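Peer 1: Submitted below is the structure of interest, expressed as structure tokens.
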Amino acid sequence: MENRPSRTTFRVRLETMVQSLREGILTGKYAAGSYLPSEEVLGEQFQLSKKSVRKGLEILVEENLIVKKPKIGNMVNSPEDDGDKITIRFAYYPNSDQEINISKRLAEFEKAYPHIRVKPLHINIDHYPSQAIEFMNDQMLDVLMLNYQHFRYFQVNGSCSLLSVQAEDSRCYPFLNRAFTVEGQLYAKPFVFSPVILCYNKAHFREAGLQEPDSSWTWEEFGKAVNQLQKNTPSDKRMGFYFHLISQNRWPLWLLQNGFSLKKDANGRYNLQDEAFLRSITALKELFALQDIVPSFVSENDYDTEKLFLEEKASMILTTYFSLNYLNSVPFEYDISPVPFSGNPHTLLLNIGLAVSQQSNQKEAAQLLVDYLTGKASQEMIRRETLSIPSMKEAAELDCPEHATEPSRFRMFREIIPSFRYYTDMNVESNQLWLMTQQLKLFWSNMDTAENVMQHIELLLNQQQAEQSIE
């Protein structure tokens with residue numbers, strides 16, 4: 001029997017098809033009024049089922065790039081269909097509707113500025129910054145959403161000149177502006193943010209006779225609670241805690257708290273013989289060893305963690321304010337807390353900004369969109385309608401008693417701002433974290449020793465550095 005493709009493989013194939021068709025339309029390969037290849041042909045070309053092909057074509061319909069003609073096919077839309085409106089193309093993350101209600105925000109913008117039409121541009125999340133750069137160079141992208149990791153890609157690759165310089169907004173938290181500032185120039189206006197936090201099931205804590213977590217919790221105290229919260233009978237299995245172990249927005253938290261910093265020796269080579277690194281990866285392995293689970297089979301991404309929490313299969317999870325938006329239908333009482341700590345009480349910060357392409361032919365309209373989304377009305381609606389934290393201080397700290405799904409300790413983020421850190425505070429870049437993660441899978445799965453894995457990571461880091469110096 002032929003193996004079915006994994007969810008990841010399916011997603012890559014679908015995104016490849018959509019991206020290929022989109023580029024063909026925008027570059028004129030498929031002229032306005034012409035028809036795309038049939039669903040059968042597209043299915044064969046991209047190894048997708050008819051249902052999957054239709055799902056991808058729906059994305060192009062939403063972007064107003066094609067029109068479905070019943071019993072005929074999928075016709076490439078004519079740009080004249082927008083009449084006299086200015087059209088700006090906006091690239092944003094796939095989860096933005098769930099976490100920020102972005103479609104509603106854009107509809108409100110178009111109502112406020114009826115002469116402007118915003119067309120979403122979906123980019124493969126695995127190649128987001130590199131594809132965004134391609135689109136900007138081809139004048140096919142006007143506004144883009146950038147998280148800190150993707151902004152760093154622009155910065156490290158010397159591509160910040162592709163982004164228009166922004167004016168700082170004094171109403172925004174100053175520490176958010178600093179993340180998108182290079183040599184005194186702000187290249188993306190902060191939009192929303194979140195620290196990594198602990199989320200817990202209050203009923204499970206009461207059932208176990210445990211006091212709820214607070215900012216004094218160490219990982220040792222956390223481990224004791226895990227033992228009391230978990231259940232492991234044939235008819236009732238429950239984890240005391242969970243998070244997607246290989247997430248680059250989760251496991252580096254231990255490196256951060258243990259004071260790790262990636263260093264080079266006198267010869268300019270990376271040296272990973274670091275006690276903080278060993279202590280961090282070992283602590284993580286021991287934490288998961290407290291429970292009879294195999295992390296690689298429990299989750300494929302961060303959002304599987306929230307699903308386990310919703311199903312009451314995990315009493316505590318590491319999460320973010322963004323991901324709390326997936327708990328709207330939670331059937332039990334829950335709350336949040338700062339993450340436990342060892343060494344330094346730090347947590348990772350996720351920061352998302354909005355940037356305007358310097359190559360845009362509609363820079364004025366594009367800037368209007370960015371200013372609107374980061375303005376008072378839009379920021380307050382994000383606060384009232386979602387559990388994400390807007391970048392504007394006044395909006396973020398609004399009291400919203402009407403917010404039925406809001407945890408009682410929602411405003412906790414205000415008190416832990418001094419603990420916020422980025423992965424770059426450890427002198428590490430995203431591609432280096434990815435490399436570490438791929439190798440640490442072997443250690444965490446008991447396939448190799450910590451010493452061997454650390455030596456191999458060190459070797460790969462130095463090979464990577466050598467390759468980059470040749471380029």
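Going through the structure tokens in order, the chains are called A, B, and so on, while each chain numbers its residues from 1 and the ligands are numbered from 1 in the order shown.
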Give me the residues near A:Pro129 as a PyMOL selection string, where near means some atom within 9 Å (using only C-alpha atoms) and where sequence neighbours in that chain fewer than 6 positions away do not count.

Peer 2: chain A and resi 123+146+150-151+153-154

Peer 1: Could you pull out the residues in stretch 352-440 of chain A that DSSP calls helix (DSSP H, G or I) from the backbone, as a PyMOL selection string?

Peer 2: chain A and resi 363-373+376-385+393-396+410-419+423-426+430-440

Peer 1: Could you save the residues just selected, with N, CA and C atoms, as a tab-separated table (two decimals), in the first residue's frame?

Peer 2:
```
chain	number	residue	atom	x	y	z
A	363	LYS	N	3.39	53.59	-2.66
A	363	LYS	CA	3.92	53.76	-1.31
A	363	LYS	C	3.01	54.58	-0.40
A	364	GLU	N	2.37	55.59	-0.96
A	364	GLU	CA	1.51	56.43	-0.13
A	364	GLU	C	0.33	55.62	0.42
A	365	ALA	N	-0.30	54.83	-0.45
A	365	ALA	CA	-1.43	54.00	-0.02
A	365	ALA	C	-0.95	52.90	0.92
A	366	ALA	N	0.22	52.35	0.63
A	366	ALA	CA	0.79	51.29	1.49
A	366	ALA	C	1.06	51.84	2.89
A	367	GLN	N	1.59	53.05	2.96
A	367	GLN	CA	1.88	53.65	4.26
A	367	GLN	C	0.58	53.94	5.02
A	368	LEU	N	-0.46	54.32	4.29
A	368	LEU	CA	-1.76	54.54	4.93
A	368	LEU	C	-2.24	53.27	5.63
A	369	LEU	N	-2.05	52.11	4.98
A	369	LEU	CA	-2.47	50.84	5.57
A	369	LEU	C	-1.68	50.54	6.84
A	370	VAL	N	-0.37	50.72	6.77
A	370	VAL	CA	0.47	50.45	7.95
A	370	VAL	C	0.09	51.38	9.10
A	371	ASP	N	-0.10	52.65	8.80
A	371	ASP	CA	-0.45	53.62	9.85
A	371	ASP	C	-1.84	53.32	10.42
A	372	TYR	N	-2.74	52.85	9.58
A	372	TYR	CA	-4.09	52.52	10.05
A	372	TYR	C	-4.05	51.31	11.00
A	373	LEU	N	-3.35	50.26	10.59
A	373	LEU	CA	-3.30	49.04	11.40
A	373	LEU	C	-2.57	49.25	12.73
A	376	LYS	N	-4.75	53.95	16.62
A	376	LYS	CA	-5.53	53.75	17.85
A	376	LYS	C	-6.78	52.88	17.64
A	377	ALA	N	-7.57	53.17	16.61
A	377	ALA	CA	-8.83	52.44	16.42
A	377	ALA	C	-8.58	50.95	16.16
A	378	SER	N	-7.66	50.66	15.24
A	378	SER	CA	-7.37	49.27	14.90
A	378	SER	C	-6.73	48.52	16.07
A	379	GLN	N	-5.81	49.19	16.75
A	379	GLN	CA	-5.13	48.56	17.89
A	379	GLN	C	-6.13	48.24	19.03
A	380	GLU	N	-7.06	49.13	19.25
A	380	GLU	CA	-8.05	48.87	20.30
A	380	GLU	C	-8.98	47.73	19.92
A	381	MET	N	-9.30	47.60	18.63
A	381	MET	CA	-10.16	46.49	18.20
A	381	MET	C	-9.44	45.16	18.33
A	382	ILE	N	-8.15	45.15	18.08
A	382	ILE	CA	-7.36	43.92	18.29
A	382	ILE	C	-7.45	43.51	19.76
A	383	ARG	N	-7.31	44.49	20.64
A	383	ARG	CA	-7.40	44.21	22.08
A	383	ARG	C	-8.79	43.69	22.48
A	384	ARG	N	-9.84	44.28	21.91
A	384	ARG	CA	-11.21	43.92	22.31
A	384	ARG	C	-11.67	42.60	21.69
A	385	GLU	N	-11.15	42.27	20.51
A	385	GLU	CA	-11.66	41.11	19.79
A	385	GLU	C	-10.76	39.88	19.83
A	393	LYS	N	0.68	50.98	23.68
A	393	LYS	CA	0.57	50.78	25.12
A	393	LYS	C	-0.85	51.04	25.64
A	394	GLU	N	-1.45	52.13	25.21
A	394	GLU	CA	-2.79	52.48	25.68
A	394	GLU	C	-3.81	51.41	25.30
A	395	ALA	N	-3.70	50.87	24.09
A	395	ALA	CA	-4.63	49.83	23.63
A	395	ALA	C	-4.36	48.51	24.36
A	396	ALA	N	-3.10	48.17	24.54
A	396	ALA	CA	-2.74	46.89	25.18
A	396	ALA	C	-3.23	46.82	26.61
A	410	PHE	N	-4.64	38.22	32.37
A	410	PHE	CA	-4.24	38.68	31.04
A	410	PHE	C	-3.19	39.79	31.11
A	411	ARG	N	-3.39	40.76	31.99
A	411	ARG	CA	-2.50	41.93	32.05
A	411	ARG	C	-1.15	41.63	32.71
A	412	MET	N	-0.91	40.37	32.99
A	412	MET	CA	0.36	39.95	33.59
A	412	MET	C	1.57	40.40	32.77
A	413	PHE	N	1.42	40.47	31.45
A	413	PHE	CA	2.56	40.81	30.58
A	413	PHE	C	3.19	42.14	30.98
A	414	ARG	N	2.40	43.07	31.52
A	414	ARG	CA	2.91	44.39	31.91
A	414	ARG	C	3.96	44.28	33.00
A	415	GLU	N	3.79	43.29	33.88
A	415	GLU	CA	4.69	43.16	35.03
A	415	GLU	C	5.98	42.42	34.69
A	416	ILE	N	6.00	41.69	33.57
A	416	ILE	CA	7.19	40.88	33.26
A	416	ILE	C	7.98	41.43	32.07
A	417	ILE	N	7.70	42.67	31.67
A	417	ILE	CA	8.42	43.25	30.54
A	417	ILE	C	9.94	43.21	30.73
A	418	PRO	N	10.48	43.44	31.94
A	418	PRO	CA	11.94	43.36	32.09
A	418	PRO	C	12.52	41.98	31.78
A	419	SER	N	11.68	40.95	31.74
A	419	SER	CA	12.18	39.60	31.47
A	419	SER	C	12.24	39.28	29.98
A	423	TYR	N	16.13	35.75	20.84
A	423	TYR	CA	17.17	34.72	20.71
A	423	TYR	C	18.52	35.35	20.35
A	424	THR	N	18.49	36.50	19.70
A	424	THR	CA	19.75	37.16	19.33
A	424	THR	C	20.50	37.68	20.56
A	425	ASP	N	19.84	37.77	21.71
A	425	ASP	CA	20.54	38.16	22.92
A	425	ASP	C	21.56	37.11	23.35
A	426	MET	N	21.48	35.92	22.73
A	426	MET	CA	22.45	34.86	23.00
A	426	MET	C	23.50	34.79	21.89
A	430	SER	N	18.79	32.81	13.59
A	430	SER	CA	17.73	31.82	13.38
A	430	SER	C	18.24	30.57	12.68
A	431	ASN	N	19.08	30.73	11.65
A	431	ASN	CA	19.57	29.56	10.92
A	431	ASN	C	20.46	28.69	11.80
A	432	GLN	N	21.15	29.30	12.76
A	432	GLN	CA	21.97	28.53	13.69
A	432	GLN	C	21.10	27.77	14.69
A	433	LEU	N	20.01	28.40	15.13
A	433	LEU	CA	19.07	27.70	16.01
A	433	LEU	C	18.44	26.51	15.30
A	434	TRP	N	18.10	26.69	14.03
A	434	TRP	CA	17.52	25.59	13.25
A	434	TRP	C	18.50	24.44	13.17
A	435	LEU	N	19.77	24.75	12.90
A	435	LEU	CA	20.80	23.71	12.81
A	435	LEU	C	20.93	22.97	14.13
A	436	MET	N	20.95	23.70	15.24
A	436	MET	CA	21.03	23.07	16.56
A	436	MET	C	19.84	22.15	16.80
A	437	THR	N	18.66	22.64	16.46
A	437	THR	CA	17.43	21.88	16.70
A	437	THR	C	17.44	20.55	15.98
A	438	GLN	N	17.88	20.55	14.71
A	438	GLN	CA	17.90	19.31	13.93
A	438	GLN	C	18.82	18.26	14.55
A	439	GLN	N	19.93	18.69	15.11
A	439	GLN	CA	20.86	17.74	15.72
A	439	GLN	C	20.41	17.31	17.11
A	440	LEU	N	19.78	18.22	17.85
A	440	LEU	CA	19.34	17.90	19.22
A	440	LEU	C	18.23	16.86	19.23
```

Peer 1: Compare A:Met140, A:Leu198, A:Glu333, A:Lys69 by their minimum atom-to-atom distance to A:Gln359, counting only C-alpha atoms, and give me the closest one.

Peer 2: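 Ranked by minimum distance to A:Gln359, first place goes to A:Met140.
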
Peer 1: Hey, what's within 12 Å of stretch 48-62 of chain A if we count only C-alpha atoms and toss same-chain stuff fewer than 2 positions away? As an MDAnalysis selection string, please?

Peer 2: chainID A and resid 4:5 7 9:26 36:46 64:69 73:77 94 103 118:123

Peer 1: Can you check which residues of stretch 247-406 of chain A DSSP gives as strand (DSSP E) on the backbone and send them as a list in words?

Peer 2: Lys263, Lys264, Tyr270, Asn271, Met316, Ile317, Leu318, Thr319, Thr320, Tyr334, Asp335, Ile336, Ser337, Thr347, Leu348, Leu349, Leu350, Asn351, Ile352, Gly353, Leu354, Ala355, Val356, Ile389 and Pro390 of chain A

Peer 1: Near A:Leu348, counting only C-alpha atoms, which residues have an atom at most 7 Å away, once you skip same-chain residues fewer than 4 positions from it, shown as a PyMOL selection string?

Peer 2: chain A and resi 195-196+253+420-422

Peer 1: Can you check which parts of stretch 361-463 of chain A lie within 9 Å of stretch 316-326 of chain A? Per residue, the shortest pair of atoms and distance in Å to one decimal, counting only C-alpha atoms, sorted by chain and number, as JSON lines.

Peer 2:
```
{"residue": "A:Thr386", "atom": "CA", "partner": "A:Asn325", "partner_atom": "CA", "distance": 6.4}
{"residue": "A:Leu387", "atom": "CA", "partner": "A:Asn325", "partner_atom": "CA", "distance": 5.7}
{"residue": "A:Ser388", "atom": "CA", "partner": "A:Phe322", "partner_atom": "CA", "distance": 4.9}
{"residue": "A:Ile389", "atom": "CA", "partner": "A:Tyr321", "partner_atom": "CA", "distance": 7.0}
{"residue": "A:Thr405", "atom": "CA", "partner": "A:Asn325", "partner_atom": "CA", "distance": 8.8}
{"residue": "A:Glu406", "atom": "CA", "partner": "A:Leu324", "partner_atom": "CA", "distance": 8.8}
{"residue": "A:Phe410", "atom": "CA", "partner": "A:Tyr321", "partner_atom": "CA", "distance": 8.6}
```

Peer 1: Calculate how many Å separate atom CA of A:Thr282 from atom CA of A:His204, rounding to one decimal.

Peer 2: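 Atom CA of A:Thr282 sits 27.7 Å away from atom CA of A:His204.
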